[in-house]
Every structure is written in C-alpha cells, then in structure tokens.
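For reference, the structure is listed below as structure tokens.
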Amino acid sequence: MPCRRQSLRECVRNFTPAWFTIIMGTGVISALASRFPFGAGSIALEVISLMFFFLNLFLFVIICGMTVARYWLYPEMWNKMLSHPGQGLFVGAFPMGVATLINSALTAHQDWSFAGTGFLYTLWAFWWADMAISFLCAFGMLLTMMTTHDHSLPKMACVWVLPMVTLIVASSCGGLLANALISHSTYHALITTAVSLTALIMGFSLALMILTVYLTRLILHGPPDTSLILSAFITLGPVGQGGFSFLINGENLSILLPVHLGETFPHAALTGELLYSACFCAAWILWSMGIAWLMISLISVYAVAREQQIPFSLAYWGLIFPTGVFGLLSEQLGLVLDSPFFNYFGAIWCIIVLIIWIILFVKTIPIVWDTSIFVAPCLSTSQPTPVEKQSEHSSSEGSSNLQSPA
C-alpha cells in the first residue's frame, strides 16, 4: 500500500539541515570540473563547472527558503533540532555549502573574467561572514554536545566531526580567495591567508582527536547501524579538505612573505619556500591518511551491508563532499608535483564521484516527488537531554520513596 503524500506544510516541518549536504556535494562537483587535470582551461570543462554552479545556486535558494519557512512557521523546531544528537551536528553543512558557492563564483571570476574587482571583494566579504558562522558552528555545537546532547562511545558516529570540518572548509575557501587577491592587494591576501591557516589548524586538530575516538569506537563496539553507517565516509572530509587547504595556503605564503618581509628579513623568500614545503609534507601525510580511512570506511560499510540492506535516504548525499574533496587534494598534488600518477588518480576519482552524484540525483527525484524523503529524526524520536534525564530520575526516586512502606 503506497504511503500518503505529505502536504507542503508537513514537508517544511520535516525539513532538516542535512539537506545542505546536497549543496556541498553539488558544489564540489563544480570544483572538481574546474580543476580536472586533463584539458584544463577548455571550454567544455568550464561550461560543466558553470552548469553545476548555477544548479547549485538554484538548489541553495530552494533549500534556504524551505529552511527559513520551517523555523518561521515552527519556531520550536530550532531547539528540537539542536537538541537532537544527530541532526544538530548538520548545522555546519550550511556554511560549508556557502563556501562551495563562493569557490564556484570565484572560479567564474578568474576563468571567465566575470565582473570586476568589486565582485571579488564582495566574495571576500561573504567569506568573512562564512568564516564567522563556521567558528560559531564549530564551537557552538561543541558546547551543545557537551551540555545538551546525550552522547556515549557505543552510540558514536562520524557525524561528530562535522562541526569541526566547517573551519577546514572555510580555510580552503580563504586560501583560494587570497590567491586571487594577490594581484590586487598583497596585504589583504596575507591577512586572509593567516586567518585561513589559523582556522585550518584549529579545525583539523579538533577533527583529528574526534577521528581517533571514532577509530576506538569501531574497535570496541563495531561499526554503527544502518542509519549511520554511511557517515563513515565523512572521515575523508577533514583529511582531503585539510590537505587541499595546506597546499593552497602554503603556496600563498611562498609568494607573500618575500613581498612583505623581503626588505627587513633577507631570508624571507627561503622561509616562504620552507613553509610551503612543510605544508606540502602535511598534505602528503593527509592524502595517505585518506587512503587508510577510505579502507576503514569500506570495511565498515561492508560489515553492515552483508548483514542487512542499507535503505536509500538523504544520508547517501553525505558520500559526495568527503570523497570529492579527497579528489581535489589528489588533483592539487598532481598539479604541484606534475605527477602522472596523481593526475590519473585524480581524474579517475573525479569521474567516480560524478557517477555517484548522478545516481543519487536520479534516485532522489522520485522520493522528493512522493515526499517520503522528508523525515525529521528529531520528530520521530524523542531523546531527553541530560537535564531532563536527571529530573526524571529524581522524580522516579521521589515516587518510589512515597510508595515504599515506612
């Protein structure tokens, strides 16, 4: 018997922040096309990149409209969403999705000479706002996880790392903007690079700690259940995006330090090159870690899939962005090293990610049409907060004392 179609108000009420993972995934496809190692600068690749950019912008407007409508019509949903230990962590998907749009618009500005310097500085202003929101999401959600959510090691999933990845994504976006700003203002480019590297180190250090705990969880308690198992691929996000950010910002330092310190510090050029080399080594390490986490993720998914089928849901879209940014890192390593291995690896990886995106897009359209995809976990399951649990425990003790004989 077919399920009843939900009304528009019901769809809005069940609209979750996880929808912004579609923006992240579509945005990374645009970035992969613009940096494809073969045929770079060709009209075909630039057109593909722009097509995904405008599609992503269209989807972003719709998803933002649904999100605003949800909290306008149902303001109580905000606290329910934040209090949910799974859905609340997807708040960071919003600034990460915005960062992909900024990157694509920057590519249009650089490759197509779209608009002028004013447009570039407008993107720069958007980036500062996105960086501020990323900091708020990272540390605000960390506070919420500590004080509101009911977390434990056996129930841990890799979505814990999502708030920290916001800083890493914003740092790579800042690195690309700083590279574009060099020809206009080296001072603005240097500030942007410094802030980006600071955010990168903060975000990645926290993410690395969480990944270590996640590996401990896998060893002690096995992989998560079917509803969370696909989040295993999120591990590729911080290592892939982090390595890409190290390469971009390291290159900026090698250009900017001689300009600003060359007159007072005679070894500024050498210092810049050494810092770039250190960033390259970090990127190589993170690429190697990405291969290791890819194998762990595949093993985890296989262990669950052989026991039961993983039903299609919005969670599948969490595959695209982490695997996509790992492809970006591979492409950038191929560009830096002029390496055929990384060029071919990056190209094959990009094609695989594109195929996955097409499959998911095609499979998503029917369940959007029949509205079965609109499910908010914070409404289907009611999980009390630690404060509520304590009050419930106190009240149960009180009732038991009243019922016990004197």
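We label chains A, B, ... in the order they appear in the structure tokens, count residues from 1 in each chain, and number ligands from 1 in the order shown.
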With only C-alpha atoms counted and 12 Å as the cut-off, give the residues of stretch 193-304 of chain A in contact with stretch 160-177 of chain A, each with its shortest interatomic distance in Å and the pair that gives it, as a tab-separated table.
```
residue	atom	partner	partner_atom	distance
A:Thr193	CA	A:Gly175	CA	5.8
A:Ala194	CA	A:Gly175	CA	9.2
A:Val195	CA	A:Ser171	CA	7.6
A:Ser196	CA	A:Ser171	CA	4.1
A:Leu197	CA	A:Ser171	CA	6.4
A:Thr198	CA	A:Ser171	CA	8.1
A:Ala199	CA	A:Leu167	CA	5.4
A:Leu200	CA	A:Ile168	CA	4.8
A:Ile201	CA	A:Ile168	CA	8.0
A:Met202	CA	A:Leu167	CA	7.5
A:Gly203	CA	A:Met164	CA	5.0
A:Phe204	CA	A:Ile168	CA	6.6
A:Ser205	CA	A:Met164	CA	8.9
A:Leu206	CA	A:Met164	CA	6.5
A:Ala207	CA	A:Val161	CA	5.6
A:Leu208	CA	A:Val161	CA	8.7
A:Met209	CA	A:Val161	CA	9.2
A:Ile210	CA	A:Val161	CA	6.2
A:Leu211	CA	A:Val161	CA	7.4
A:Thr212	CA	A:Val161	CA	10.7
A:Val213	CA	A:Trp160	CA	10.1
A:Tyr214	CA	A:Trp160	CA	8.8
A:Leu228	CA	A:Trp160	CA	11.4
A:Ser231	CA	A:Trp160	CA	9.7
A:Ala232	CA	A:Val161	CA	10.7
A:Phe233	CA	A:Val161	CA	11.3
A:Ile234	CA	A:Leu162	CA	7.9
A:Thr235	CA	A:Val161	CA	8.0
A:Leu236	CA	A:Val165	CA	10.5
A:Gly237	CA	A:Val165	CA	7.2
A:Pro238	CA	A:Val165	CA	5.8
A:Val239	CA	A:Ile168	CA	9.3
A:Gly240	CA	A:Ile168	CA	9.8
A:Gln241	CA	A:Val169	CA	6.4
A:Gly242	CA	A:Ile168	CA	5.9
A:Gly243	CA	A:Ser172	CA	9.2
A:Phe244	CA	A:Ser172	CA	6.9
A:Ser245	CA	A:Ser172	CA	4.3
A:Phe246	CA	A:Ser172	CA	7.8
A:Leu247	CA	A:Gly175	CA	9.0
A:Ile248	CA	A:Gly175	CA	5.6
A:Asn249	CA	A:Gly175	CA	5.0
A:Gly250	CA	A:Gly175	CA	8.8
A:Glu251	CA	A:Gly175	CA	9.0
A:Asn252	CA	A:Gly175	CA	7.4
A:Leu253	CA	A:Gly175	CA	9.9
```
Item to check | Within 8 Å of A:Val353 using only C-alpha atoms, minus same-chain residues under 6 positions, as a PyMOL selection string | outcome: chain A and resi 29+320+323-324
Next on the checklist: Could you check the closest approach to A:Phe15 for each of A:Cys64, A:Ile219, A:Leu256, A:Leu50 and tell me which residue wins, using only C-alpha atoms?
Outcome noted: A:Cys64
Checklist entry - Got a sec: who's within 8 Å of stretch 308-313 of chain A, counting only C-alpha atoms, leaving out chain neighbours fewer than 3 positions off, as a list in words? => result Thr226, Ser227, Val304, Ala305, Tyr316 and Ile373 of chain A
Write out the residues from the selection above, keeping C-alpha atoms, as an mmCIF file, in the first residue's frame.
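Just written: result.cif:
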```cif
data_model
loop_
_atom_site.group_PDB
_atom_site.id
_atom_site.type_symbol
_atom_site.label_atom_id
_atom_site.label_comp_id
_atom_site.auth_asym_id
_atom_site.auth_seq_id
_atom_site.Cartn_x
_atom_site.Cartn_y
_atom_site.Cartn_z
ATOM 1 C CA THR A 226 22.443 1.162 9.002
ATOM 2 C CA SER A 227 21.073 4.645 9.701
ATOM 3 C CA VAL A 304 26.968 -3.768 7.909
ATOM 4 C CA ALA A 305 25.757 -4.303 4.316
ATOM 5 C CA TYR A 316 23.603 8.967 0.930
ATOM 6 C CA ILE A 373 12.342 11.647 1.874
#
```
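The residue that comes closest to A:Asp225, out of A:Trp349, A:Phe52, A:Tyr302, A:Trp284 and on the basis of only C-alpha atoms, is A:Tyr302.
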Item to check | All residues 12 Å or closer to A:Asp111, only C-alpha atoms, same chain fewer than 5 positions away omitted, as a PyMOL selection string | outcome: chain A and resi 34-35+40-43+45-47+49-50+103-106+180
Write the residues of the preceding selection, restricted to N, CA and C atoms, as a JSON list (two decimals), in the first residue's frame.
```json
[["chain", "number", "residue", "atom", "x", "y", "z"],
["A", 34, "SER", "N", 36.38, 22.19, -12.61],
["A", 34, "SER", "CA", 37.25, 23.33, -12.92],
["A", 34, "SER", "C", 38.71, 23.00, -12.75],
["A", 35, "ARG", "N", 39.04, 21.96, -11.95],
["A", 35, "ARG", "CA", 40.43, 21.59, -11.71],
["A", 35, "ARG", "C", 40.79, 20.23, -12.32],
["A", 40, "ALA", "N", 42.66, 21.11, -19.01],
["A", 40, "ALA", "CA", 42.46, 22.27, -18.14],
["A", 40, "ALA", "C", 42.30, 23.54, -18.98],
["A", 41, "GLY", "N", 41.33, 24.34, -18.63],
["A", 41, "GLY", "CA", 41.08, 25.58, -19.34],
["A", 41, "GLY", "C", 40.21, 25.43, -20.57],
["A", 42, "SER", "N", 39.78, 24.21, -20.87],
["A", 42, "SER", "CA", 38.94, 24.00, -22.05],
["A", 42, "SER", "C", 37.53, 24.53, -21.81],
["A", 43, "ILE", "N", 36.87, 24.89, -22.88],
["A", 43, "ILE", "CA", 35.52, 25.43, -22.79],
["A", 43, "ILE", "C", 34.57, 24.39, -22.20],
["A", 45, "LEU", "N", 35.07, 21.94, -19.98],
["A", 45, "LEU", "CA", 35.17, 21.83, -18.53],
["A", 45, "LEU", "C", 34.63, 23.07, -17.84],
["A", 46, "GLU", "N", 34.90, 24.23, -18.41],
["A", 46, "GLU", "CA", 34.40, 25.47, -17.80],
["A", 46, "GLU", "C", 32.87, 25.53, -17.87],
["A", 47, "VAL", "N", 32.30, 25.05, -18.97],
["A", 47, "VAL", "CA", 30.83, 25.03, -19.09],
["A", 47, "VAL", "C", 30.23, 24.06, -18.08],
["A", 49, "SER", "N", 31.53, 23.16, -15.24],
["A", 49, "SER", "CA", 31.68, 23.77, -13.92],
["A", 49, "SER", "C", 30.61, 24.83, -13.67],
["A", 50, "LEU", "N", 30.34, 25.67, -14.68],
["A", 50, "LEU", "CA", 29.32, 26.70, -14.54],
["A", 50, "LEU", "C", 27.91, 26.10, -14.43],
["A", 103, "ASN", "N", 33.47, 29.47, -3.81],
["A", 103, "ASN", "CA", 34.55, 28.92, -4.65],
["A", 103, "ASN", "C", 34.17, 28.88, -6.12],
["A", 104, "SER", "N", 32.95, 28.45, -6.40],
["A", 104, "SER", "CA", 32.50, 28.37, -7.80],
["A", 104, "SER", "C", 32.38, 29.76, -8.41],
["A", 105, "ALA", "N", 31.86, 30.72, -7.65],
["A", 105, "ALA", "CA", 31.76, 32.10, -8.15],
["A", 105, "ALA", "C", 33.16, 32.68, -8.38],
["A", 106, "LEU", "N", 34.11, 32.33, -7.52],
["A", 106, "LEU", "CA", 35.49, 32.79, -7.70],
["A", 106, "LEU", "C", 36.09, 32.20, -8.97],
["A", 180, "ALA", "N", 43.61, 34.86, -5.31],
["A", 180, "ALA", "CA", 43.04, 35.80, -6.28],
["A", 180, "ALA", "C", 43.29, 37.24, -5.89]]
```
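Every protein or nucleic acid residue with an atom no more than 8 Å from A:His109, counting only C-alpha atoms and leaving out same-chain residues fewer than 5 positions away, appears here: Phe114, Ala115, Gly116, Phe119 and Leu120 of chain A.
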Checklist entry - Near stretch 21-27 of chain A, within 9 Å and counting only C-alpha atoms, which residues show up once chain neighbours fewer than 4 positions away are dropped, as a PyMOL selection string? => result chain A and resi 17+31-32+52-53+55-57+59-60+63+90+93-94+96-101+103-104+314-315+317-322+324+357
Those same residues - C-alpha atoms - I'd like them written as a PDB file, in the first residue's frame.
```pdb
ATOM      1  CA  PRO A  17      19.786  20.869   7.922  1.00  0.00           C
ATOM      2  CA  ALA A  31      35.193  22.470  -8.193  1.00  0.00           C
ATOM      3  CA  LEU A  32      36.382  19.087  -9.499  1.00  0.00           C
ATOM      4  CA  PHE A  52      26.854  22.759 -11.711  1.00  0.00           C
ATOM      5  CA  PHE A  53      27.381  26.185 -10.149  1.00  0.00           C
ATOM      6  CA  LEU A  55      22.277  24.298 -10.499  1.00  0.00           C
ATOM      7  CA  ASN A  56      23.806  24.519  -7.035  1.00  0.00           C
ATOM      8  CA  LEU A  57      22.753  28.144  -6.670  1.00  0.00           C
ATOM      9  CA  LEU A  59      19.107  24.361  -5.145  1.00  0.00           C
ATOM     10  CA  PHE A  60      20.608  26.618  -2.476  1.00  0.00           C
ATOM     11  CA  ILE A  63      16.755  24.770   0.425  1.00  0.00           C
ATOM     12  CA  PHE A  90      24.404  19.094  10.431  1.00  0.00           C
ATOM     13  CA  ALA A  93      26.542  21.981   6.473  1.00  0.00           C
ATOM     14  CA  PHE A  94      25.159  25.482   5.837  1.00  0.00           C
ATOM     15  CA  MET A  96      30.215  24.591   4.120  1.00  0.00           C
ATOM     16  CA  GLY A  97      27.623  24.766   1.357  1.00  0.00           C
ATOM     17  CA  VAL A  98      28.053  28.541   1.155  1.00  0.00           C
ATOM     18  CA  ALA A  99      31.831  28.067   0.856  1.00  0.00           C
ATOM     19  CA  THR A 100      31.373  25.847  -2.211  1.00  0.00           C
ATOM     20  CA  LEU A 101      29.239  28.572  -3.832  1.00  0.00           C
ATOM     21  CA  ASN A 103      34.554  28.918  -4.645  1.00  0.00           C
ATOM     22  CA  SER A 104      32.500  28.371  -7.796  1.00  0.00           C
ATOM     23  CA  LEU A 314      19.174  11.629   2.411  1.00  0.00           C
ATOM     24  CA  ALA A 315      22.190  10.201   4.263  1.00  0.00           C
ATOM     25  CA  TRP A 317      24.362  12.577  -0.030  1.00  0.00           C
ATOM     26  CA  GLY A 318      26.937  12.628   2.737  1.00  0.00           C
ATOM     27  CA  LEU A 319      29.121  10.489   0.442  1.00  0.00           C
ATOM     28  CA  ILE A 320      29.734  13.145  -2.207  1.00  0.00           C
ATOM     29  CA  PHE A 321      31.510  16.010  -0.460  1.00  0.00           C
ATOM     30  CA  PRO A 322      34.079  13.992   1.552  1.00  0.00           C
ATOM     31  CA  GLY A 324      35.010  14.901  -3.675  1.00  0.00           C
ATOM     32  CA  TRP A 357      26.342  12.189  -7.849  1.00  0.00           C
TER      33      TRP A 357
END
```
Item to check | Gap from atom CA of A:Phe326 to atom CA of A:Val368 - Å, one decimal | outcome: 28.7 Å
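Between atom CA of A:Ile291 and atom CA of A:Ser134 the separation is 26.8 Å.
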Next on the checklist: For the structure I just gave you, how does DSSP split stretch 199-389 of chain A - specifically, which residues are helix (DSSP H, G or I)? Reply as a ChimeraX atom specification.
Outcome noted: /A:199-221,229-261,268-305,314-337,340-369,377-380,386-389
Dump as a compact mmCIF listing (two decimals), in the first residue's frame, selection limited to C-alpha atoms:
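Output (out_37.txt):
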```
# COMPACT_ATOMS: atom_id res chain seq x y z
CA ALA A 199 41.24 28.17 11.22
CA LEU A 200 42.73 25.16 9.43
CA ILE A 201 45.00 24.22 12.34
CA MET A 202 42.21 24.71 14.89
CA GLY A 203 39.65 22.73 12.91
CA PHE A 204 41.96 19.90 11.92
CA SER A 205 43.41 19.44 15.41
CA LEU A 206 39.90 19.00 16.84
CA ALA A 207 38.85 16.78 13.93
CA LEU A 208 41.90 14.55 14.37
CA MET A 209 41.05 14.00 18.03
CA ILE A 210 37.49 13.00 17.13
CA LEU A 211 38.71 10.64 14.38
CA THR A 212 40.95 8.95 16.92
CA VAL A 213 37.97 8.42 19.24
CA TYR A 214 35.92 7.15 16.29
CA LEU A 215 38.54 4.50 15.50
CA THR A 216 38.43 3.47 19.15
CA ARG A 217 34.65 3.15 18.88
CA LEU A 218 34.96 0.94 15.79
CA ILE A 219 37.41 -1.38 17.52
CA LEU A 220 35.49 -1.65 20.79
CA HIS A 221 31.89 -1.61 19.57
CA ILE A 229 26.95 3.69 8.64
CA LEU A 230 27.32 5.89 5.54
CA SER A 231 28.68 8.64 7.77
CA ALA A 232 31.86 6.53 7.84
CA PHE A 233 32.97 8.29 4.63
CA ILE A 234 32.87 11.67 6.38
CA THR A 235 36.36 10.76 7.63
CA LEU A 236 37.66 11.65 4.16
CA GLY A 237 36.39 15.23 4.59
CA PRO A 238 38.87 16.67 7.12
CA VAL A 239 41.89 14.90 5.63
CA GLY A 240 41.01 15.71 2.00
CA GLN A 241 39.93 19.30 2.54
CA GLY A 242 42.70 19.84 5.09
CA GLY A 243 45.41 18.68 2.69
CA PHE A 244 44.00 20.83 -0.11
CA SER A 245 43.92 23.86 2.20
CA PHE A 246 47.53 23.27 3.28
CA LEU A 247 48.69 23.26 -0.35
CA ILE A 248 46.75 26.40 -1.33
CA ASN A 249 47.71 28.44 1.74
CA GLY A 250 51.30 27.20 1.66
CA GLU A 251 51.65 28.41 -1.92
CA ASN A 252 50.26 31.79 -0.87
CA LEU A 253 52.89 32.08 1.89
CA SER A 254 55.73 31.37 -0.56
CA ILE A 255 54.53 34.32 -2.67
CA LEU A 256 53.51 36.77 0.06
CA LEU A 257 56.33 36.51 2.60
CA PRO A 258 59.08 37.82 0.28
CA VAL A 259 56.87 40.77 -0.66
CA HIS A 260 56.15 41.84 2.93
CA LEU A 261 59.33 40.77 4.70
CA ALA A 268 62.00 35.78 3.72
CA ALA A 269 61.94 34.01 0.35
CA LEU A 270 63.64 30.94 1.81
CA THR A 271 61.26 30.98 4.79
CA GLY A 272 58.29 31.09 2.45
CA GLU A 273 59.58 28.12 0.47
CA LEU A 274 60.28 26.17 3.67
CA LEU A 275 56.76 26.82 4.92
CA TYR A 276 55.38 25.74 1.55
CA SER A 277 57.45 22.56 1.78
CA ALA A 278 56.08 21.90 5.29
CA CYS A 279 52.53 22.41 4.00
CA PHE A 280 53.24 20.02 1.13
CA CYS A 281 54.50 17.37 3.58
CA ALA A 282 51.33 17.84 5.64
CA ALA A 283 49.20 17.43 2.51
CA TRP A 284 51.05 14.24 1.56
CA ILE A 285 50.53 12.83 5.05
CA LEU A 286 46.82 13.68 4.91
CA TRP A 287 46.45 12.08 1.47
CA SER A 288 48.00 8.89 2.88
CA MET A 289 45.68 9.08 5.90
CA GLY A 290 42.80 9.46 3.46
CA ILE A 291 43.66 6.17 1.78
CA ALA A 292 43.75 4.49 5.19
CA TRP A 293 40.38 5.97 6.22
CA LEU A 294 38.90 5.02 2.86
CA MET A 295 39.79 1.39 3.52
CA ILE A 296 38.38 1.58 7.07
CA SER A 297 35.15 3.11 5.75
CA LEU A 298 34.74 0.47 3.05
CA ILE A 299 35.34 -2.30 5.58
CA SER A 300 32.79 -0.77 7.97
CA VAL A 301 30.11 -0.42 5.28
CA TYR A 302 30.74 -3.97 4.04
CA ALA A 303 30.41 -5.36 7.57
CA VAL A 304 26.97 -3.77 7.91
CA ALA A 305 25.76 -4.30 4.32
CA LEU A 314 19.17 11.63 2.41
CA ALA A 315 22.19 10.20 4.26
CA TYR A 316 23.60 8.97 0.93
CA TRP A 317 24.36 12.58 -0.03
CA GLY A 318 26.94 12.63 2.74
CA LEU A 319 29.12 10.49 0.44
CA ILE A 320 29.73 13.14 -2.21
CA PHE A 321 31.51 16.01 -0.46
CA PRO A 322 34.08 13.99 1.55
CA THR A 323 35.05 11.84 -1.42
CA GLY A 324 35.01 14.90 -3.68
CA VAL A 325 37.45 16.93 -1.55
CA PHE A 326 39.75 13.92 -1.44
CA GLY A 327 39.70 14.09 -5.23
CA LEU A 328 40.53 17.82 -5.02
CA LEU A 329 43.56 17.01 -2.91
CA SER A 330 44.68 14.40 -5.43
CA GLU A 331 44.26 16.86 -8.31
CA GLN A 332 46.22 19.55 -6.47
CA LEU A 333 49.04 17.13 -5.64
CA GLY A 334 49.20 16.21 -9.32
CA LEU A 335 49.45 19.90 -10.22
CA VAL A 336 52.17 20.65 -7.65
CA LEU A 337 54.25 17.57 -8.43
CA PRO A 340 51.11 11.44 -13.93
CA PHE A 341 50.09 9.12 -11.08
CA PHE A 342 48.18 11.80 -9.18
CA ASN A 343 46.78 13.24 -12.41
CA TYR A 344 45.33 9.89 -13.47
CA PHE A 345 44.26 9.01 -9.93
CA GLY A 346 42.53 12.37 -9.55
CA ALA A 347 40.82 12.10 -12.94
CA ILE A 348 39.50 8.59 -12.26
CA TRP A 349 38.39 9.60 -8.78
CA CYS A 350 36.54 12.64 -10.14
CA ILE A 351 34.68 10.53 -12.68
CA ILE A 352 33.65 8.08 -9.96
CA VAL A 353 32.37 10.91 -7.76
CA LEU A 354 30.44 12.37 -10.70
CA ILE A 355 28.82 9.00 -11.43
CA ILE A 356 27.80 8.66 -7.77
CA TRP A 357 26.34 12.19 -7.85
CA ILE A 358 24.28 11.37 -10.97
CA ILE A 359 22.97 8.15 -9.41
CA LEU A 360 21.99 9.90 -6.20
CA PHE A 361 20.36 12.80 -8.05
CA VAL A 362 18.28 10.44 -10.17
CA LYS A 363 17.26 8.34 -7.15
CA THR A 364 16.39 11.42 -5.08
CA ILE A 365 13.90 12.97 -7.52
CA PRO A 366 11.18 10.25 -7.14
CA ILE A 367 11.26 10.26 -3.33
CA VAL A 368 11.13 14.06 -3.31
CA TRP A 369 8.06 13.82 -5.56
CA PRO A 377 14.64 12.31 13.14
CA CYS A 378 14.19 14.92 15.87
CA LEU A 379 10.41 14.50 15.49
CA SER A 380 10.27 10.72 15.09
CA PRO A 386 20.87 15.01 30.41
CA VAL A 387 18.99 17.65 32.46
CA GLU A 388 15.66 16.02 31.64
CA LYS A 389 17.09 12.61 32.50
```
Item to check | Length of the atom CA of A:Ala178 to atom CA of A:Phe38 vector [Å] | outcome: 25.1 Å
